[in-house]
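Printed here is coords.cif (mmCIF, C-alpha atoms):
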```cif
data_input
loop_
_atom_site.label_atom_id
_atom_site.label_comp_id
_atom_site.auth_asym_id
_atom_site.auth_seq_id
_atom_site.Cartn_x
_atom_site.Cartn_y
_atom_site.Cartn_z
CA GLU A 1 33.18 -10.77 -6.43
CA LEU A 2 34.60 -7.85 -8.42
CA ARG A 3 35.77 -4.87 -6.43
CA SER A 4 37.13 -1.49 -7.42
CA SER A 5 40.42 -2.25 -5.68
CA ASP A 6 40.90 -5.24 -7.99
CA LYS A 7 40.97 -3.24 -11.26
CA SER A 8 44.40 -4.52 -12.26
CA SER A 9 43.13 -8.11 -12.34
CA LEU A 10 39.65 -7.57 -13.76
CA SER A 11 38.93 -9.34 -17.04
CA LEU A 12 35.98 -10.64 -19.02
CA SER A 13 36.38 -13.73 -21.18
CA LYS A 14 32.93 -15.38 -21.04
CA PRO A 15 29.38 -13.97 -21.09
CA ILE A 16 27.95 -13.24 -17.66
CA LEU A 17 24.22 -13.19 -16.86
CA VAL A 18 23.46 -11.16 -13.74
CA VAL A 19 20.07 -11.90 -12.18
CA ASP A 20 20.67 -9.81 -9.05
CA THR A 21 18.89 -6.48 -8.74
CA PRO A 22 20.37 -3.56 -10.70
CA THR A 23 21.11 -1.62 -7.50
CA SER A 24 23.12 -4.56 -6.13
CA ILE A 25 25.63 -4.12 -8.97
CA GLY A 26 25.78 -0.35 -8.73
CA MET A 27 23.40 0.55 -11.55
CA LYS A 28 21.17 3.60 -11.70
CA LEU A 29 18.02 3.41 -13.85
CA PRO A 30 15.08 5.71 -14.59
CA SER A 31 11.73 5.05 -12.99
CA GLY A 32 8.62 4.93 -15.13
CA SER A 33 5.06 6.11 -14.84
CA LYS A 34 2.01 4.12 -13.78
CA LYS A 35 0.34 2.37 -16.71
CA LYS A 36 -2.97 3.88 -17.80
CA GLY A 37 -5.97 1.88 -16.66
CA SER A 38 -3.85 -0.25 -14.32
CA SER A 39 -5.00 -0.81 -10.75
CA SER A 40 -1.47 -1.82 -9.78
CA SER A 41 0.97 0.67 -8.30
CA GLN A 42 3.80 -0.88 -10.33
CA LYS A 43 5.55 1.56 -12.65
CA SER A 44 6.99 0.71 -16.04
CA PHE A 45 9.41 2.88 -18.01
CA THR A 46 7.92 3.38 -21.48
CA VAL A 47 8.91 4.93 -24.79
CA ARG A 48 6.72 7.90 -23.87
CA ASP A 49 8.69 8.33 -20.64
CA LEU A 50 11.85 8.27 -22.73
CA ALA A 51 10.49 10.97 -25.05
CA ASN A 52 9.55 13.11 -22.06
CA ILE A 53 13.17 13.04 -20.90
CA VAL A 54 15.08 13.58 -24.15
CA GLY A 55 12.41 15.64 -25.92
CA GLN A 56 9.81 14.78 -28.56
CA HIS A 57 11.93 16.18 -31.39
CA TYR A 58 15.02 14.16 -30.49
CA PRO A 59 16.19 12.44 -33.71
CA VAL A 60 16.29 8.63 -33.88
CA SER A 61 17.06 6.10 -36.59
CA VAL A 62 14.93 2.99 -37.01
CA ILE A 63 15.65 -0.20 -38.92
CA ASP A 64 13.27 -2.13 -41.12
CA VAL A 65 13.90 -5.59 -39.68
CA ALA A 66 12.82 -7.52 -42.78
CA LEU A 67 15.11 -5.57 -45.10
CA GLN A 68 17.76 -4.71 -42.47
CA GLU A 69 17.71 -1.17 -43.84
CA GLU A 70 17.80 2.08 -41.88
CA LEU A 71 14.95 4.60 -42.10
CA GLU A 72 16.15 8.09 -41.29
CA GLY A 73 14.27 11.24 -40.35
CA TRP A 74 12.29 9.90 -37.40
CA THR A 75 11.91 11.64 -34.04
CA MET A 76 11.10 10.39 -30.56
CA GLN A 77 7.46 11.45 -31.04
CA ASP A 78 7.29 9.29 -34.17
CA LEU A 79 8.61 6.39 -32.12
CA VAL A 80 6.02 6.98 -29.39
CA ASP A 81 3.25 7.03 -31.99
CA TYR A 82 4.56 3.79 -33.50
CA PHE A 83 4.77 1.95 -30.16
CA GLU A 84 1.37 3.16 -28.97
CA ASP A 85 -0.49 2.56 -32.23
CA GLU A 86 -3.69 0.72 -31.31
CA ASP A 87 -3.96 -1.05 -34.67
CA ARG A 88 -0.48 -2.54 -34.23
CA HIS A 89 -1.44 -3.95 -30.83
CA ALA A 90 -4.86 -5.15 -32.00
CA THR A 91 -3.74 -6.91 -35.19
CA GLY A 92 -0.20 -7.84 -34.27
CA GLN A 93 1.00 -5.77 -37.22
CA THR A 94 3.13 -2.67 -37.04
CA ALA A 95 1.89 0.64 -38.32
CA SER A 96 3.44 3.86 -39.48
CA PRO A 97 3.46 6.81 -37.07
CA SER A 98 1.59 8.79 -39.73
CA ASN A 99 -1.47 6.58 -39.16
CA SER A 100 -1.51 6.63 -35.36
CA PRO A 101 -4.38 8.43 -33.56
CA GLN A 102 -1.99 10.82 -31.76
CA ARG A 103 -0.87 12.23 -35.10
CA VAL A 104 -4.33 13.62 -35.96
CA GLY A 105 -4.63 17.37 -35.53
CA ARG A 106 -0.97 17.99 -34.82
CA CYS A 107 0.43 21.12 -36.42
CA ARG A 108 4.12 20.17 -36.49
CA PRO A 109 5.09 19.76 -40.16
CA ARG A 110 6.89 16.54 -40.97
CA ARG A 111 10.29 16.90 -42.59
CA GLN A 112 10.66 15.44 -46.07
CA ALA A 113 12.94 12.60 -44.91
CA ALA A 114 10.46 11.57 -42.24
CA GLN A 115 7.56 11.70 -44.69
CA GLU A 116 9.45 9.57 -47.20
CA ALA A 117 10.22 7.04 -44.45
CA CYS A 118 6.58 6.88 -43.41
CA THR A 119 5.45 6.53 -47.04
CA LEU A 120 7.85 3.60 -47.41
CA VAL A 121 6.38 1.99 -44.29
CA ASP A 122 2.83 2.58 -45.52
CA ASN A 123 3.58 0.93 -48.87
CA GLN A 124 5.25 -2.12 -47.39
CA ARG A 125 3.14 -3.06 -44.39
CA PRO A 126 3.22 -5.00 -42.19
CA LYS A 127 6.50 -3.75 -40.73
CA VAL A 128 8.62 -4.55 -37.72
CA LEU A 129 10.84 -1.62 -36.86
CA ASN A 130 13.81 -1.62 -34.49
CA GLN A 131 15.69 1.27 -32.85
CA ILE A 132 19.17 0.25 -31.67
CA SER A 133 21.46 3.24 -32.28
CA MET A 134 20.45 5.95 -29.79
CA GLU A 135 23.65 6.89 -27.96
CA PHE A 136 22.56 9.12 -25.07
CA SER A 137 25.78 10.04 -23.24
CA ARG A 138 25.23 13.71 -24.07
CA SER A 139 21.45 13.74 -23.67
CA PRO A 140 19.34 14.44 -20.55
CA LEU A 141 18.78 10.68 -20.18
CA ARG A 142 22.37 10.20 -19.04
CA GLN A 143 21.69 11.67 -15.59
CA TYR A 144 19.16 8.87 -14.98
CA VAL A 145 21.45 5.96 -15.95
CA SER A 146 24.73 4.54 -14.66
CA SER A 147 26.30 1.32 -15.88
CA PRO A 148 27.18 -1.51 -13.45
CA GLN A 149 30.09 -0.64 -11.19
CA PHE A 150 32.31 -3.41 -12.55
CA VAL A 151 31.67 -2.12 -16.10
CA ARG A 152 32.92 1.30 -15.03
CA ASP A 153 35.92 -0.39 -13.40
CA LEU A 154 36.79 -2.02 -16.74
CA ASP A 155 35.89 0.86 -19.07
CA TRP A 156 38.89 2.28 -20.95
CA ILE A 157 37.11 5.58 -21.56
CA ASP A 158 36.52 6.05 -17.84
CA ASN A 159 39.94 4.82 -16.74
CA VAL A 160 42.45 5.49 -19.55
CA TRP A 161 41.20 8.31 -21.76
CA PRO A 162 43.01 11.59 -20.91
CA GLN A 163 40.93 13.70 -18.57
CA GLU A 164 41.86 16.92 -20.37
CA LEU A 165 40.27 15.52 -23.54
CA ARG A 166 37.19 14.38 -21.67
CA ASP A 167 36.82 17.88 -20.23
CA GLN A 168 36.71 19.13 -23.85
CA ASP A 169 34.16 16.47 -24.84
CA GLU A 170 36.77 14.82 -27.06
CA TYR A 171 36.27 11.12 -26.39
CA PRO A 172 34.47 8.15 -28.02
CA VAL A 173 30.74 8.64 -27.46
CA VAL A 174 29.85 4.94 -27.30
CA GLN A 175 29.22 4.17 -23.63
CA TYR A 176 25.42 4.39 -23.34
CA TYR A 177 22.86 3.19 -25.88
CA CYS A 178 19.09 3.02 -25.44
CA LEU A 179 17.30 0.36 -27.51
CA THR A 180 13.55 0.28 -28.18
CA SER A 181 12.36 -2.86 -29.95
CA THR A 182 8.95 -4.27 -30.77
CA GLY A 183 8.18 -7.96 -30.65
CA GLY A 184 9.59 -9.70 -33.72
CA CYS A 185 12.70 -7.53 -34.01
CA TYR A 186 15.87 -9.40 -34.97
CA THR A 187 19.48 -8.33 -35.37
CA ASP A 188 21.55 -10.82 -37.37
CA PHE A 189 24.92 -12.21 -36.27
CA HIS A 190 27.56 -9.55 -35.76
CA VAL A 191 30.58 -8.50 -33.71
CA ASP A 192 30.16 -5.17 -31.94
CA PHE A 193 32.18 -2.36 -33.49
CA GLY A 194 35.82 -1.87 -32.53
CA GLY A 195 35.91 -5.18 -30.71
CA THR A 196 34.14 -3.62 -27.74
CA ALA A 197 32.68 -5.60 -24.87
CA VAL A 198 29.05 -4.69 -24.24
CA TRP A 199 26.48 -4.85 -21.46
CA TYR A 200 22.72 -5.14 -21.87
CA HIS A 201 20.03 -4.43 -19.30
CA VAL A 202 16.33 -5.01 -20.02
CA LEU A 203 13.89 -2.59 -18.40
CA ASN A 204 10.75 -4.12 -19.94
CA GLY A 205 10.13 -7.18 -22.09
CA ALA A 206 12.88 -9.65 -22.96
CA LYS A 207 15.75 -10.35 -25.37
CA ASP A 208 17.05 -13.68 -26.67
CA PHE A 209 20.75 -13.97 -27.52
CA ILE A 210 22.71 -16.59 -29.42
CA LEU A 211 26.36 -16.22 -28.40
CA ILE A 212 29.29 -17.75 -30.28
CA PRO A 213 32.85 -17.68 -28.89
CA PRO A 214 35.51 -15.89 -31.01
CA THR A 215 37.76 -18.88 -31.69
CA ASP A 216 40.04 -18.70 -34.72
CA GLU A 217 37.86 -21.25 -36.51
CA ASN A 218 34.60 -19.44 -35.68
CA LEU A 219 36.00 -16.08 -36.76
CA ALA A 220 37.19 -17.55 -40.05
CA SER A 221 33.70 -18.98 -40.64
CA TYR A 222 32.18 -15.63 -39.71
CA GLU A 223 34.37 -13.83 -42.27
CA ASP A 224 33.38 -16.40 -44.89
CA TRP A 225 29.69 -15.90 -44.05
CA LEU A 226 30.01 -12.10 -44.30
CA CYS A 227 31.53 -12.39 -47.78
CA ARG A 228 28.87 -14.75 -49.15
CA PRO A 229 26.61 -13.10 -51.76
CA ASN A 230 23.70 -15.12 -50.35
CA GLN A 231 24.52 -14.28 -46.73
CA ALA A 232 20.93 -13.27 -45.96
CA GLU A 233 19.77 -16.78 -46.85
CA LEU A 234 22.24 -18.53 -44.54
CA PHE A 235 21.86 -19.10 -40.81
CA PHE A 236 25.40 -18.53 -39.60
CA PRO A 237 25.56 -21.31 -36.92
CA ASP A 238 24.83 -23.88 -39.67
CA MET A 239 28.25 -23.03 -41.13
CA LEU A 240 30.13 -23.93 -37.95
CA SER A 241 31.92 -27.27 -37.79
CA THR A 242 31.15 -27.49 -34.08
CA LYS A 243 28.63 -25.78 -31.82
CA ALA A 244 30.91 -26.15 -28.79
CA GLY A 245 30.76 -23.06 -26.62
CA CYS A 246 27.69 -21.63 -28.37
CA VAL A 247 24.95 -20.63 -25.95
CA LYS A 248 21.42 -19.23 -26.03
CA VAL A 249 20.50 -16.78 -23.28
CA ARG A 250 17.08 -15.30 -22.42
CA LEU A 251 17.52 -11.87 -20.82
CA GLU A 252 14.44 -10.99 -18.76
CA ALA A 253 13.37 -7.65 -17.33
CA SER A 254 15.67 -6.37 -14.55
CA GLN A 255 18.49 -8.72 -15.62
CA THR A 256 21.89 -7.71 -17.02
CA LEU A 257 24.09 -9.47 -19.58
CA LEU A 258 27.77 -8.85 -20.30
CA ILE A 259 29.21 -9.97 -23.64
CA PRO A 260 33.02 -10.06 -23.93
CA THR A 261 34.94 -8.53 -26.79
CA GLY A 262 34.80 -10.36 -30.12
CA TRP A 263 31.88 -12.67 -29.33
CA ILE A 264 29.65 -13.21 -32.36
CA HIS A 265 25.99 -12.84 -31.47
CA ALA A 266 22.45 -12.41 -32.80
CA VAL A 267 19.56 -10.85 -30.89
CA ASP A 268 15.84 -11.62 -31.07
CA THR A 269 13.04 -9.68 -29.34
CA PRO A 270 10.10 -11.94 -28.41
CA MET A 271 7.95 -9.07 -27.05
CA ASP A 272 7.84 -5.26 -27.03
#
```

Before we go any further, please render this structure as structure tokens.
Amino acid sequence: ELRSSDKSSLSLSKPILVVDTPTSIGMKLPSGSKKKGSSSSQKSFTVRDLANIVGQHYPVSVIDVALQEELEGWTMQDLVDYFEDEDRHATGQTASPSNSPQRVGRCRPRRQAAQEACTLVDNQRPKVLNQISMEFSRSPLRQYVSSPQFVRDLDWIDNVWPQELRDQDEYPVVQYYCLTSTGGCYTDFHVDFGGTAVWYHVLNGAKDFILIPPTDENLASYEDWLCRPNQAELFFPDMLSTKAGCVKVRLEASQTLLIPTGWIHAVDTPMD
């Protein structure tokens, strides 16, 4: 068991899957709204709930999964329209926010960048779009979310960064990210920026991870893979001389995963 009094000896060297309840590890999470048409009293936090907290005009960046390219100029309302698009759910294909029923009759003019992004989506359907870069430390969402207690016990920003700089909002804004992914989203193998350790918690749906330990040999192979001109055609694990230590983890709703610094990993989303 990790306790606050044990900070000097806390470390993280292997991935940890936590299946206990979020409250049991000191997390705070937002509660959702009851699903429309559902007879159940169970609440599910949705993209619309997210937009209601941070605001419909809050800017977000989405990624075209097939091309691994970023589409700029989107807002939270665009993301809500995309997730709730009835055609996407009915056909299994994604649709542009510009075609969703909620868009009809709205008077808010779309900025040029957003229109260009939607035109690109329209011309290249079907699309699977992923949103993985919304850092919300300075947004209204932050008051609804707290990381696991042992994450806060290990966090250098919380424990080492000078308080006088924090009071001036001069600190790395990288502690809290909100991801919204549709089924079929995939993020290729990578090491998280700055060698940071990361934690994931799934509110709804699921995520599949392939985790590869950062041995000298694996890191050398990873560097080789990154430099290959045909990188997109190569499945990185096929380049490893041994699969020892590599693991696949399914992260279900209400579960939490910790990934240590330097671990190479890919992420697949089997459902919205």

Determine the residue membership of the PyMOL selection byres ((chain A and resi 241) around 9) for the file above and supply it as a short mmCIF file (atom, residue, chain, number, x, y, z; two decimals) with C-alpha atoms, in the frame of the given file.
```
data_model
loop_
_atom_site.label_atom_id
_atom_site.label_comp_id
_atom_site.auth_asym_id
_atom_site.auth_seq_id
_atom_site.Cartn_x
_atom_site.Cartn_y
_atom_site.Cartn_z
CA GLU A 217 37.86 -21.25 -36.51
CA ASN A 218 34.60 -19.44 -35.68
CA SER A 221 33.70 -18.98 -40.64
CA PRO A 237 25.56 -21.31 -36.92
CA ASP A 238 24.83 -23.88 -39.67
CA MET A 239 28.25 -23.03 -41.13
CA LEU A 240 30.13 -23.93 -37.95
CA THR A 242 31.15 -27.49 -34.08
CA LYS A 243 28.63 -25.78 -31.82
#
```

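Taking all atoms listed in the file into account, the polymer residues that have an atom no farther than 7 Å from (18.2, -10.2, -17.3) are Leu17, Val18, Val19, His201, Val202, Leu251, Glu252, Ala253, Ser254, Gln255, Thr256 and Leu257 of chain A.
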
Contact table segment 169-193 of chain A vs segment 139-149 of chain A, cut-off 12 Å, shortest pair per residue, all atoms listed in the file, as JSON lines:
```
{"residue": "A:Val173", "atom": "CA", "partner": "A:Ser139", "partner_atom": "CA", "distance": 11.3}
{"residue": "A:Gln175", "atom": "CA", "partner": "A:Ser147", "partner_atom": "CA", "distance": 8.8}
{"residue": "A:Tyr176", "atom": "CA", "partner": "A:Arg142", "partner_atom": "CA", "distance": 7.8}
{"residue": "A:Tyr177", "atom": "CA", "partner": "A:Arg142", "partner_atom": "CA", "distance": 9.8}
{"residue": "A:Cys178", "atom": "CA", "partner": "A:Leu141", "partner_atom": "CA", "distance": 9.3}
```

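Atom CA of Val247 of chain A is positioned 20.5 Å from atom CA of Asp20 of chain A.
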
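Among A:Val174, A:Ile157, A:Val151, A:Val54, the residue with the shortest atom-to-atom distance to Ile25 of chain A, counting only C-alpha atoms, is A:Val151.
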
Original post:
Taking all atoms listed in the file into account, which of A:Leu234, A:Ala244, A:Val198, A:Met27 comes nearest His265 of chain A?
Top reply: A:Val198

**OP:** Could you please determine the separation between atom CA of Gly245 of chain A and atom CA of Ile212 of chain A in Å, to one decimal place?
**Re:** 6.6 Å

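Using the PyMOL selection byres ((chain A and resi 193) around 12) on the file at hand returns these residues: Val174, His190, Val191, Asp192, Gly194, Gly195, Thr196, Ala197, Val198, Thr261, Gly262, Trp263 and Ile264 of chain A.
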
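Residue nearest Thr46 of chain A within the list A:Pro59, A:Pro22, A:Gly205, A:Pro15: A:Gly205 [criterion: smallest interatomic distance, all atoms listed in the file].
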
**OP:** Might you pull out every residue within 9 Å of Phe189 of chain A, with only C-alpha atoms counted and same-chain residues fewer than 6 positions away left off, and present them as a PyMOL selection string?
**Re:** chain A and resi 210-211+222+235-236+264-267

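Residues matched by the PyMOL selection byres ((chain A and resi 60) around 10) in this file: His57, Tyr58, Pro59, Ser61, Val62, Leu71, Glu72, Gly73, Trp74, Thr75, Met76, Gln77, Asp78, Leu79, Gln131, Ile132, Ser133, Met134 and Glu135 of chain A.
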
Write to file, as a PDB file, in the frame of the given file, the residues of the selection just made, with C-alpha atoms.
```
ATOM      1  CA  HIS A  57      11.930  16.180 -31.390  1.00  0.00           C
ATOM      2  CA  TYR A  58      15.020  14.160 -30.490  1.00  0.00           C
ATOM      3  CA  PRO A  59      16.190  12.440 -33.710  1.00  0.00           C
ATOM      4  CA  SER A  61      17.060   6.100 -36.590  1.00  0.00           C
ATOM      5  CA  VAL A  62      14.930   2.990 -37.010  1.00  0.00           C
ATOM      6  CA  LEU A  71      14.950   4.600 -42.100  1.00  0.00           C
ATOM      7  CA  GLU A  72      16.150   8.090 -41.290  1.00  0.00           C
ATOM      8  CA  GLY A  73      14.270  11.240 -40.350  1.00  0.00           C
ATOM      9  CA  TRP A  74      12.290   9.900 -37.400  1.00  0.00           C
ATOM     10  CA  THR A  75      11.910  11.640 -34.040  1.00  0.00           C
ATOM     11  CA  MET A  76      11.100  10.390 -30.560  1.00  0.00           C
ATOM     12  CA  GLN A  77       7.460  11.450 -31.040  1.00  0.00           C
ATOM     13  CA  ASP A  78       7.290   9.290 -34.170  1.00  0.00           C
ATOM     14  CA  LEU A  79       8.610   6.390 -32.120  1.00  0.00           C
ATOM     15  CA  GLN A 131      15.690   1.270 -32.850  1.00  0.00           C
ATOM     16  CA  ILE A 132      19.170   0.250 -31.670  1.00  0.00           C
ATOM     17  CA  SER A 133      21.460   3.240 -32.280  1.00  0.00           C
ATOM     18  CA  MET A 134      20.450   5.950 -29.790  1.00  0.00           C
ATOM     19  CA  GLU A 135      23.650   6.890 -27.960  1.00  0.00           C
TER      20      GLU A 135
END
```

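Between atom CA of Tyr171 of chain A and atom CA of Trp156 of chain A there is a distance of 10.7 Å.
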
Show me, as AutoDock Vina command-line options, the centre and edge lengths in Å to one decimal of the axis-aligned box that covers every listed atom of segment 61-67 of chain A with 3 Å on each side.
```
--center_x 14.9 --center_y -0.7 --center_z -40.8 --size_x 10.2 --size_y 19.6 --size_z 14.5
```

Original post:
Can you tell me, as JSON, numbers by chain, what residues are no more than 12 Å from Phe45 of chain A when counting only C-alpha atoms, ignoring any on the same chain fewer than 4 positions away?
Top reply: {"A": [29, 30, 31, 32, 33, 34, 35, 49, 50, 51, 52, 53, 144, 180, 202, 203, 204, 205, 253, 254]}

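Among the candidate residues A:Gly26, A:Pro213, A:Pro162, A:Gly183, the one lying nearest to Ile259 of chain A is A:Pro213, with distances computed using all atoms listed in the file.
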